[in-house]
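Source file: work04.cif. Holds: mmCIF, C-alpha atoms.
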```cif
data_start
#
loop_
_atom_site.label_atom_id
_atom_site.label_comp_id
_atom_site.auth_asym_id
_atom_site.auth_seq_id
_atom_site.Cartn_x
_atom_site.Cartn_y
_atom_site.Cartn_z
CA MET K 1 -19.58 -6.70 -6.36
CA ARG K 2 -18.29 -4.31 -3.72
CA LEU K 3 -16.32 -2.08 -6.11
CA LYS K 4 -18.42 -2.32 -9.25
CA ASP K 5 -17.47 0.40 -11.78
CA LYS K 6 -14.98 2.00 -9.38
CA VAL K 7 -11.61 3.10 -10.74
CA ALA K 8 -8.67 2.18 -8.52
CA ILE K 9 -4.99 3.06 -8.68
CA VAL K 10 -2.78 0.61 -6.78
CA THR K 11 0.92 1.32 -6.40
CA GLY K 12 3.40 -1.46 -5.71
CA GLY K 13 1.11 -3.82 -7.59
CA ALA K 14 3.82 -6.07 -9.00
CA SER K 15 4.05 -8.49 -6.09
CA GLY K 16 3.07 -9.37 -2.54
CA ILE K 17 0.36 -7.34 -0.86
CA GLY K 18 -0.03 -4.97 -3.82
CA LYS K 19 -0.62 -7.81 -6.26
CA ALA K 20 -3.21 -9.38 -3.95
CA ILE K 21 -5.02 -6.03 -3.66
CA CYS K 22 -5.07 -5.52 -7.43
CA GLU K 23 -6.47 -8.99 -8.08
CA LEU K 24 -9.10 -8.78 -5.33
CA PHE K 25 -10.27 -5.31 -6.37
CA ALA K 26 -10.64 -6.50 -9.97
CA LYS K 27 -12.70 -9.50 -8.83
CA GLU K 28 -14.93 -7.08 -6.93
CA GLY K 29 -15.61 -5.10 -10.11
CA ALA K 30 -13.01 -2.32 -10.04
CA LYS K 31 -11.06 -1.10 -13.02
CA VAL K 32 -7.49 -1.31 -11.78
CA ALA K 33 -4.44 0.71 -12.77
CA VAL K 34 -1.42 -1.33 -11.64
CA VAL K 35 1.53 0.95 -10.87
CA ASP K 36 5.05 -0.25 -10.12
CA ILE K 37 8.66 0.41 -11.00
CA ASP K 38 8.94 -3.32 -11.78
CA SER K 39 7.51 -3.67 -15.27
CA VAL K 40 7.84 -7.47 -15.44
CA GLY K 41 5.93 -8.08 -12.22
CA GLY K 42 3.43 -5.32 -12.94
CA LYS K 43 2.57 -6.69 -16.36
CA ASN K 44 2.22 -10.15 -14.85
CA THR K 45 -0.36 -8.81 -12.38
CA VAL K 46 -2.32 -7.29 -15.26
CA GLU K 47 -2.16 -10.55 -17.22
CA CYS K 48 -3.53 -12.46 -14.23
CA ILE K 49 -6.40 -9.99 -13.84
CA ASN K 50 -7.31 -9.81 -17.49
CA HIS K 51 -7.12 -13.59 -17.83
CA GLU K 52 -9.91 -13.73 -15.26
CA LYS K 53 -11.97 -11.22 -17.31
CA GLY K 54 -11.00 -8.26 -15.17
CA ASP K 55 -10.16 -4.79 -16.47
CA SER K 56 -6.67 -3.48 -15.73
CA PHE K 57 -3.57 -1.99 -17.28
CA PHE K 58 0.00 -1.38 -16.18
CA ILE K 59 1.87 1.90 -15.82
CA GLN K 60 5.55 1.94 -14.89
CA ALA K 61 6.40 4.74 -12.49
CA ASP K 62 8.60 5.83 -9.61
CA VAL K 63 6.15 7.01 -6.94
CA SER K 64 8.79 9.32 -5.45
CA SER K 65 8.80 11.32 -8.71
CA GLU K 66 6.06 13.94 -8.83
CA ASN K 67 6.36 14.07 -12.62
CA ASP K 68 5.84 10.31 -12.92
CA VAL K 69 2.82 10.46 -10.61
CA GLU K 70 1.20 13.29 -12.55
CA ILE K 71 1.58 11.28 -15.74
CA VAL K 72 0.08 8.17 -14.13
CA VAL K 73 -3.04 9.97 -12.95
CA LYS K 74 -3.52 11.59 -16.37
CA GLU K 75 -3.22 8.19 -18.07
CA VAL K 76 -5.74 6.63 -15.71
CA VAL K 77 -8.22 9.46 -16.27
CA ASN K 78 -7.73 9.23 -20.04
CA LYS K 79 -8.47 5.50 -19.97
CA TYR K 80 -11.12 5.21 -17.25
CA SER K 81 -12.47 8.81 -17.02
CA GLY K 82 -11.74 9.29 -13.33
CA VAL K 83 -10.36 7.99 -10.03
CA ASP K 84 -12.37 6.67 -7.08
CA VAL K 85 -9.82 4.74 -5.02
CA LEU K 86 -6.10 5.16 -4.41
CA VAL K 87 -4.07 2.46 -2.68
CA SER K 88 -0.61 3.80 -1.89
CA ASN K 89 1.16 0.51 -1.29
CA ALA K 90 4.59 0.89 -2.91
CA ALA K 91 7.32 0.57 -0.31
CA GLN K 92 11.08 0.74 0.04
CA PHE K 93 12.70 -1.58 2.57
CA THR K 94 16.01 -0.37 3.95
CA PHE K 95 17.64 -2.42 6.68
CA GLY K 96 20.33 -1.38 9.14
CA LYS K 97 21.09 0.79 12.15
CA VAL K 98 21.44 4.54 11.83
CA GLU K 99 25.23 4.32 11.57
CA ASP K 100 24.87 1.96 8.62
CA LEU K 101 22.67 4.26 6.56
CA THR K 102 23.66 6.85 4.00
CA GLN K 103 21.90 10.09 3.13
CA ALA K 104 20.79 8.39 -0.09
CA ASP K 105 19.18 5.58 1.93
CA TRP K 106 17.08 8.08 3.90
CA THR K 107 16.15 10.05 0.80
CA LYS K 108 15.05 6.91 -1.04
CA ILE K 109 12.95 5.43 1.74
CA PHE K 110 11.14 8.68 2.51
CA GLY K 111 10.71 9.36 -1.20
CA VAL K 112 8.87 6.08 -1.74
CA ASN K 113 7.18 5.42 1.61
CA VAL K 114 6.11 8.96 2.47
CA LEU K 115 6.23 11.21 -0.60
CA GLY K 116 4.64 8.44 -2.68
CA LEU K 117 1.39 8.94 -0.78
CA ALA K 118 1.70 12.74 -0.83
CA ASN K 119 2.35 12.83 -4.58
CA PHE K 120 -0.54 10.58 -5.53
CA THR K 121 -2.96 12.27 -3.15
CA LYS K 122 -2.13 15.66 -4.63
CA TYR K 123 -3.03 14.59 -8.15
CA CYS K 124 -5.97 12.35 -7.23
CA ILE K 125 -7.79 15.01 -5.18
CA PRO K 126 -9.18 16.93 -8.20
CA GLU K 127 -10.30 13.73 -9.91
CA MET K 128 -11.97 12.32 -6.81
CA THR K 129 -13.66 15.64 -6.14
CA LYS K 130 -15.23 15.57 -9.61
CA ARG K 131 -16.84 12.26 -8.67
CA GLY K 132 -18.14 13.44 -5.32
CA GLY K 133 -15.40 11.92 -3.15
CA GLY K 134 -13.22 8.88 -2.86
CA SER K 135 -11.18 6.59 -0.68
CA ILE K 136 -7.42 6.72 -0.13
CA ILE K 137 -5.73 3.76 1.54
CA ALA K 138 -2.08 3.67 2.52
CA THR K 139 -0.16 0.56 3.46
CA ALA K 140 1.37 1.53 6.78
CA SER K 141 2.64 -1.19 9.12
CA ILE K 142 2.90 -2.52 12.61
CA SER K 143 6.25 -0.73 12.27
CA SER K 144 4.31 2.54 12.46
CA PHE K 145 3.75 1.78 16.15
CA LYS K 146 6.73 -0.19 17.43
CA ALA K 147 10.51 -0.11 17.34
CA GLN K 148 12.34 -3.01 15.70
CA PRO K 149 16.06 -3.77 15.65
CA ALA K 150 18.12 -2.53 12.68
CA PHE K 151 15.00 -1.17 11.01
CA VAL K 152 15.25 2.50 11.97
CA ALA K 153 14.69 4.03 8.51
CA TYR K 154 11.72 1.82 7.67
CA ASN K 155 10.05 2.28 11.06
CA THR K 156 10.56 6.03 10.93
CA SER K 157 9.07 6.28 7.46
CA LYS K 158 6.05 4.20 8.43
CA GLY K 159 5.52 6.31 11.54
CA ALA K 160 5.51 9.41 9.34
CA LEU K 161 3.10 7.73 6.94
CA LEU K 162 0.63 7.04 9.72
CA GLN K 163 0.68 10.68 10.81
CA MET K 164 0.21 11.81 7.20
CA VAL K 165 -2.88 9.61 6.93
CA ARG K 166 -4.39 11.33 9.98
CA CYS K 167 -3.60 14.79 8.65
CA LEU K 168 -4.93 14.03 5.17
CA ALA K 169 -8.12 12.58 6.64
CA LEU K 170 -8.72 15.83 8.49
CA ASP K 171 -7.93 18.07 5.53
CA LEU K 172 -9.90 16.09 2.94
CA ALA K 173 -13.02 15.27 4.95
CA GLU K 174 -14.83 18.32 3.57
CA LEU K 175 -14.32 16.89 0.06
CA ASN K 176 -15.81 13.53 1.09
CA ILE K 177 -12.43 11.88 0.55
CA ARG K 178 -11.72 9.33 3.25
CA VAL K 179 -8.11 8.47 4.15
CA ASN K 180 -7.17 5.35 6.10
CA CYS K 181 -4.38 2.83 6.30
CA VAL K 182 -3.92 -0.88 6.72
CA CYS K 183 -1.18 -1.90 9.15
CA PRO K 184 0.15 -5.37 8.36
CA GLY K 185 2.15 -7.43 10.77
CA ALA K 186 4.48 -10.18 9.57
CA ILE K 187 3.27 -11.22 6.11
CA LYS K 188 4.78 -13.78 3.73
CA THR K 189 5.94 -11.63 0.82
CA PRO K 190 9.09 -11.09 -1.26
CA ALA K 191 9.87 -8.18 1.09
CA SER K 192 9.79 -10.45 4.15
CA GLU K 193 12.15 -12.80 2.33
CA ARG K 194 14.60 -9.93 1.87
CA HIS K 195 14.30 -9.20 5.58
CA ARG K 196 15.08 -12.85 6.32
CA ILE K 197 18.18 -12.75 4.13
CA PHE K 198 19.35 -9.55 5.84
CA SER K 199 18.82 -11.21 9.23
CA ASN K 200 20.90 -14.19 8.06
CA VAL K 201 18.57 -16.85 9.43
CA SER K 202 16.92 -19.91 7.93
CA VAL K 203 13.40 -19.83 6.54
CA GLU K 204 12.21 -22.00 9.41
CA GLU K 205 13.83 -19.81 12.07
CA PHE K 206 12.53 -16.59 10.50
CA GLU K 207 8.96 -17.86 10.21
CA ARG K 208 9.04 -19.27 13.74
CA ALA K 209 10.26 -15.98 15.21
CA SER K 210 7.80 -13.94 13.13
CA SER K 211 4.92 -16.20 14.15
CA GLU K 212 5.75 -15.81 17.83
CA GLU K 213 5.22 -12.06 17.51
CA SER K 214 1.46 -12.51 17.08
CA MET K 215 -1.36 -13.89 19.21
CA LEU K 216 -2.38 -16.18 16.35
CA LYS K 217 1.16 -17.63 16.18
CA ARG K 218 1.53 -17.53 12.42
CA MET K 219 2.53 -15.19 9.61
CA GLY K 220 -0.20 -13.57 7.57
CA LYS K 221 -0.96 -13.88 3.87
CA PRO K 222 -1.18 -11.01 1.35
CA ILE K 223 -4.85 -11.74 0.67
CA GLU K 224 -5.63 -11.08 4.34
CA ILE K 225 -4.32 -7.54 3.94
CA ALA K 226 -6.15 -7.17 0.64
CA TYR K 227 -9.50 -7.88 2.32
CA GLY K 228 -8.81 -5.07 4.78
CA ALA K 229 -8.03 -2.70 1.92
CA LEU K 230 -11.23 -3.81 0.17
CA PHE K 231 -13.30 -2.87 3.21
CA LEU K 232 -11.70 0.58 3.34
CA ALA K 233 -12.16 1.09 -0.41
CA SER K 234 -15.83 0.08 -0.37
CA ASP K 235 -18.91 1.97 0.77
CA GLU K 236 -19.08 -0.38 3.76
CA SER K 237 -16.51 1.88 5.44
CA SER K 238 -18.32 5.12 4.58
CA PHE K 239 -18.02 6.38 8.19
CA VAL K 240 -14.37 5.39 8.62
CA THR K 241 -11.55 7.88 8.12
CA GLY K 242 -8.22 8.69 9.75
CA THR K 243 -8.05 5.11 10.99
CA PRO K 244 -5.20 2.57 11.09
CA LEU K 245 -6.66 -0.91 10.53
CA MET K 246 -4.40 -3.37 12.30
CA ILE K 247 -4.06 -6.70 10.43
CA ASP K 248 -1.29 -8.28 12.44
CA GLY K 249 -2.64 -11.38 14.17
CA GLY K 250 -2.79 -9.44 17.42
CA ALA K 251 0.90 -8.55 17.48
CA ASN K 252 0.26 -4.96 18.48
CA GLY K 253 -1.53 -6.14 21.60
CA ILE K 254 1.27 -8.32 22.89
#
```
Represent the structure from my file as structure tokens, please.
Amino acid sequence: MRLKDKVAIVTGGASGIGKAICELFAKEGAKVAVVDIDSVGGKNTVECINHEKGDSFFIQADVSSENDVEIVVKEVVNKYSGVDVLVSNAAQFTFGKVEDLTQADWTKIFGVNVLGLANFTKYCIPEMTKRGGGSIIATASISSFKAQPAFVAYNTSKGALLQMVRCLALDLAELNIRVNCVCPGAIKTPASERHRIFSNVSVEEFERASSEESMLKRMGKPIEIAYGALFLASDESSFVTGTPLMIDGGANGI
């Protein structure tokens, strides 16, 4: 098992990529704290893991709230005695052009997509340091690198997230805490379905257009992102930090 006896916190674990990461990490031996604002989906993820003899529990939290995050880390340490891996995956999707967005839209998306990582890193650092180091993985995006129509807030937040990963990797290297990110392309998730609805196109048209954006001419699956996160969480990536791992079917090279 690649994560045997490791303790992992995964935010946004209620569905999509986060759920796939939680389930894969548990299969690889990790004790998984599933964090999400969605209690129904989060508890379902835990039920799926524990049904397969994994070890996990759910904590409801808003990652943009420093108080919530502090409580989460304390609960994880109380239950599992430490933290080895953080996956900052929770994300806010806000669609529209700049003239469509309110101040509240910007505050919300940066609170979740950017401050979520900052908050959890702040409170995980002492716990990881006690264990001799750790691995922090953020879910960035192909949107960290490219502009997309009517997606200005999301793209901007993911660009900021990528830069934060680089800065954290530099600052935390002396503590043996590695910081990397996975950068998904078009993946079939509930979030992509919301994007389709916003775009007002059929499922077939949306999937065809999304598939054309990659060299492999298809959309990805959440498990394909989860395997990338597993590599970055495991000791196999012990010499990898400050790195964006592109998992986009080659879209960034087109």
Applied to this file, what does the PyMOL selection byres ((chain K and resi 200-209) around 12) return in terms of residues, put as a list in words?
-> Ala186, Ile187, Lys188, Thr189, Ser192, Glu193, Arg194, His195, Arg196, Ile197, Phe198, Ser199, Ser210, Ser211, Glu212, Glu213, Ser214, Lys217, Arg218, Met219 and Gly220 of chain K
Find the residue from K:Ala147, K:Val240, K:Val63, K:Ala233 that sits nearest to Val87 of chain K; use all atoms listed in the file when measuring.
->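 Between K:Ala147, K:Val240, K:Val63, K:Ala233, the residue approaching Val87 of chain K most closely is K:Ala233.
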Name the residues in contact with Val112 of chain K at a cut-off of 9 Å, using all atoms listed in the file, excluding same-chain residues fewer than 5 positions from it; report them as a ChimeraX atom specification.
-> /K:62-65,90-92,107,117
At a cut-off of 10 Å, can you tabulate as a Markdown table every residue of segment 170-252 of chain K near segment 21-27 of chain K together with its closest atom pair and the distance in Å to one decimal, using only C-alpha atoms and ordering rows by chain then number?
```
| residue | atom | partner | partner_atom | distance |
| --- | --- | --- | --- | --- |
| K:Pro222 | CA | K:Ile21 | CA | 8.0 |
| K:Ile223 | CA | K:Ile21 | CA | 7.2 |
| K:Glu224 | CA | K:Ile21 | CA | 9.5 |
| K:Ile225 | CA | K:Ile21 | CA | 7.8 |
| K:Ala226 | CA | K:Ile21 | CA | 4.6 |
| K:Tyr227 | CA | K:Ile21 | CA | 7.7 |
| K:Gly228 | CA | K:Ile21 | CA | 9.3 |
| K:Ala229 | CA | K:Ile21 | CA | 7.2 |
| K:Leu230 | CA | K:Phe25 | CA | 6.8 |
| K:Ala233 | CA | K:Phe25 | CA | 8.9 |
| K:Ser234 | CA | K:Phe25 | CA | 9.8 |
```
Computed gap from atom CA of Ile109 of chain K to atom CA of Ile247 of chain K is 22.6 Å
Nearest to Cys181 of chain K: which of K:Arg166, K:Gly42, K:Thr94, K:Ala104 is it, counting only C-alpha atoms?
->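 Looking only at the distances to Cys181 of chain K, the closest residue turns out to be K:Arg166.
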